[in-house]
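Asks: Pasting a structure below so you can have a look.
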Amino acid sequence: MRLGRGLYQVAEFSDFHVAHDLAEVARRAPHAVVCLLSALRLHDLTTQLPQAVWIAIDHKARPPMNSPIKLEIVRASGQALTEGKTTTQIEGVSVPVYSPAKTVADCFKYRSRVGLDVAIEALKDSLNKRKATQTEIWHFAELCRVQNVMRPYLEALT
């Protein structure tokens, strides 16, 4: 069965993974990295259900066109794009996704798009569930230049 241009699946396949959309986006845009709300959901750090797949691409890269999946795109470059990237397997597809610590720092960086409440919830959950340490989060806060924004929240949680 054809899902889109150059993307097919077996017609009898009905056992979809929860993150099926992430695998589809990874096939369509191999240069993109799953970030923000989609990464939080994948790492089980939020109660939010994202309405779109959030991806980060290079500031000069072309966004994926004609995607049947709604995308929210953020742009980054240099270390902000490459550091903290890990790979997970979903339905046999390698999906690049940011680590929990990088995702928390990105939530504070893009707090106007995802909401400050989501960023604070992600910070609390990542520390409580031990998905990231304060040192890791602080490293990515410096990398994303949000250490002054995150400092009061980190100090309040310790």
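Labels for the structure tokens follow display order: chains A, B, ..., residues from 1 in each chain, ligands from 1.
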Identify all residues of chain A in strand (DSSP E) (DSSP on the backbone) and supply them as a VMD selection string.
Replies: chain A and resid 2 to 4 7 to 8 33 to 34 53 to 58 71 to 76 85 to 90 93 to 98
Asks: Show which residues sit within 8 Å of Ala122 in chain A, as a list in words. Count only C-alpha atoms, and ignore same-chain residues fewer than 6 positions away.
Replies: Leu40, Leu45, Thr46, Val104 and Cys107 of chain A
Asks: Save out the residues we just selected, C-alpha atoms, as a PDB file, in the first residue's frame.
Replies:
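File produced: part.pdb:
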```
ATOM      1  CA  LEU A  40       9.534  14.235  25.252  1.00  0.00           C
ATOM      2  CA  LEU A  45       8.747  12.840  29.992  1.00  0.00           C
ATOM      3  CA  THR A  46       5.412  14.516  29.356  1.00  0.00           C
ATOM      4  CA  VAL A 104      14.744  19.654  28.233  1.00  0.00           C
ATOM      5  CA  CYS A 107      12.060  23.112  25.619  1.00  0.00           C
TER       6      CYS A 107
END
```
Asks: Under the rule that only C-alpha atoms are counted, which of A:Gly92, A:Pro30, A:Gly84, A:Gly115 is the nearest residue to Ile55 in chain A?
Replies: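 Among the listed residues, A:Pro30 lies closest to Ile55 in chain A.
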Asks: From the options A:Arg28, A:Lys129, A:Trp54, A:Thr86, which residue's atoms come nearest to Asn66 in chain A, counting only C-alpha atoms?
Replies: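 Closest residue, counting only C-alpha atoms: A:Arg28.
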Asks: Enter the distance from CA of Thr133 in chain A to CA of Ala101 in chain A, in Å, rounded to one decimal.
Replies: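 If I compute the distance from CA of Thr133 in chain A to CA of Ala101 in chain A, I get 7.6 Å.
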Asks: Which neighbours of Glu142 in chain A fall inside 12 Å, counting only C-alpha atoms, when residues of the same chain fewer than 3 positions from it are skipped, and could you give them as an MDAnalysis selection string?
Replies: chainID A and resid 79:80 101:102 105:106 108:109 135:139 145:151
Asks: Can you write out the residues you just picked, keeping N, CA and C atoms, as an mmCIF file, in the first residue's frame?
Replies:
```cif
data_model
loop_
_atom_site.group_PDB
_atom_site.id
_atom_site.type_symbol
_atom_site.label_atom_id
_atom_site.label_comp_id
_atom_site.auth_asym_id
_atom_site.auth_seq_id
_atom_site.Cartn_x
_atom_site.Cartn_y
_atom_site.Cartn_z
ATOM 1 N N GLN A 79 26.772 22.925 16.819
ATOM 2 C CA GLN A 79 26.636 21.994 17.943
ATOM 3 C C GLN A 79 25.210 21.898 18.453
ATOM 4 N N ALA A 80 24.440 22.951 18.324
ATOM 5 C CA ALA A 80 23.049 22.913 18.774
ATOM 6 C C ALA A 80 22.246 21.883 17.990
ATOM 7 N N ALA A 101 18.268 15.132 28.201
ATOM 8 C CA ALA A 101 18.855 16.384 28.690
ATOM 9 C C ALA A 101 18.809 17.470 27.618
ATOM 10 N N LYS A 102 19.121 17.122 26.391
ATOM 11 C CA LYS A 102 19.081 18.092 25.287
ATOM 12 C C LYS A 102 17.643 18.530 25.020
ATOM 13 N N ALA A 105 16.568 21.149 27.613
ATOM 14 C CA ALA A 105 17.163 22.462 27.304
ATOM 15 C C ALA A 105 16.479 23.097 26.094
ATOM 16 N N ASP A 106 16.159 22.289 25.088
ATOM 17 C CA ASP A 106 15.454 22.814 23.910
ATOM 18 C C ASP A 106 14.061 23.322 24.267
ATOM 19 N N PHE A 108 13.182 24.774 26.987
ATOM 20 C CA PHE A 108 13.350 26.121 27.541
ATOM 21 C C PHE A 108 13.745 27.111 26.444
ATOM 22 N N LYS A 109 14.521 26.656 25.472
ATOM 23 C CA LYS A 109 14.918 27.538 24.364
ATOM 24 C C LYS A 109 13.702 27.942 23.537
ATOM 25 N N THR A 135 23.916 17.922 35.789
ATOM 26 C CA THR A 135 25.126 18.272 35.040
ATOM 27 C C THR A 135 24.884 18.184 33.537
ATOM 28 N N GLU A 136 24.222 17.130 33.088
ATOM 29 C CA GLU A 136 23.920 16.972 31.660
ATOM 30 C C GLU A 136 22.983 18.080 31.185
ATOM 31 N N ILE A 137 21.962 18.349 31.970
ATOM 32 C CA ILE A 137 21.005 19.397 31.597
ATOM 33 C C ILE A 137 21.701 20.743 31.545
ATOM 34 N N TRP A 138 22.570 21.008 32.511
ATOM 35 C CA TRP A 138 23.288 22.286 32.538
ATOM 36 C C TRP A 138 24.214 22.429 31.331
ATOM 37 N N HIS A 139 24.859 21.334 30.928
ATOM 38 C CA HIS A 139 25.723 21.367 29.737
ATOM 39 C C HIS A 139 24.929 21.798 28.503
ATOM 40 N N ARG A 145 22.270 28.257 25.185
ATOM 41 C CA ARG A 145 22.273 29.627 25.703
ATOM 42 C C ARG A 145 20.993 29.968 26.469
ATOM 43 N N VAL A 146 20.552 29.051 27.309
ATOM 44 C CA VAL A 146 19.374 29.302 28.142
ATOM 45 C C VAL A 146 19.685 29.085 29.615
ATOM 46 N N GLN A 147 20.955 29.161 29.988
ATOM 47 C CA GLN A 147 21.322 28.892 31.379
ATOM 48 C C GLN A 147 20.722 29.911 32.334
ATOM 49 N N ASN A 148 20.601 31.185 31.920
ATOM 50 C CA ASN A 148 20.000 32.190 32.805
ATOM 51 C C ASN A 148 18.504 31.957 33.001
ATOM 52 N N VAL A 149 17.852 31.418 32.004
ATOM 53 C CA VAL A 149 16.420 31.116 32.106
ATOM 54 C C VAL A 149 16.209 29.890 32.993
ATOM 55 N N MET A 150 17.074 28.892 32.859
ATOM 56 C CA MET A 150 16.894 27.627 33.573
ATOM 57 C C MET A 150 17.414 27.654 35.007
ATOM 58 N N ARG A 151 18.340 28.555 35.313
ATOM 59 C CA ARG A 151 18.975 28.575 36.640
ATOM 60 C C ARG A 151 17.959 28.574 37.793
#
```
Asks: Could you please determine the separation between CA of Ala119 in chain A and CA of Val34 in chain A in Å, to one decimal place?
Replies: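 That distance, rounded to one decimal, is 16.3 Å.
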Asks: Residues of range 30-82 of chain A in helix (DSSP H, G or I) according to DSSP, as a list in words?
Replies: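 Output for range 30-82 of chain A, helix (DSSP H, G or I) only: Leu36, Leu37, Ser38, Ala39, Leu40, Arg41, Leu42, Gln79, Ala80, Leu81 and Thr82 of chain A.
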Asks: Store the residues picked out above, limited to C-alpha atoms, as a CSV table (one decimal), in the first residue's frame.
Replies:
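Printed below is part01.csv as written:
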```
chain,number,residue,atom,x,y,z
A,36,LEU,CA,10.8,19.0,21.6
A,37,LEU,CA,7.3,17.5,22.3
A,38,SER,CA,7.8,14.4,20.1
A,39,ALA,CA,11.1,13.6,21.8
A,40,LEU,CA,9.5,14.2,25.3
A,41,ARG,CA,6.8,11.8,24.4
A,42,LEU,CA,9.3,9.2,23.1
A,79,GLN,CA,26.6,22.0,17.9
A,80,ALA,CA,23.0,22.9,18.8
A,81,LEU,CA,22.0,20.6,16.0
A,82,THR,CA,24.5,17.8,16.3
```
Asks: What does the structure give for the distance between CA of Arg111 in chain A and CA of Thr87 in chain A, in Å to one decimal?
Replies: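 Computing the Euclidean distance for CA of Arg111 in chain A and CA of Thr87 in chain A yields 24.6 Å.
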Asks: From the set A:Tyr110, A:Ser94, A:Val118, A:His31, which residue has the shortest atom-to-atom contact distance to Pro50 in chain A, counting only C-alpha atoms?
Replies: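 Of all the options, A:Val118 lies closest to Pro50 in chain A.
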Asks: Go through A:Leu127, A:Ala141, A:Val25, A:Ala156 one by one, measure the shortest atom-to-atom distance of each to Met65 in chain A using only C-alpha atoms, and give the residue with the smallest value.
Replies: A:Val25
Asks: So, counting only C-alpha atoms, which residue among A:Glu72, A:Ser77, A:Glu83, A:Val95 is closest to Ala29 in chain A?
Replies: A:Val95
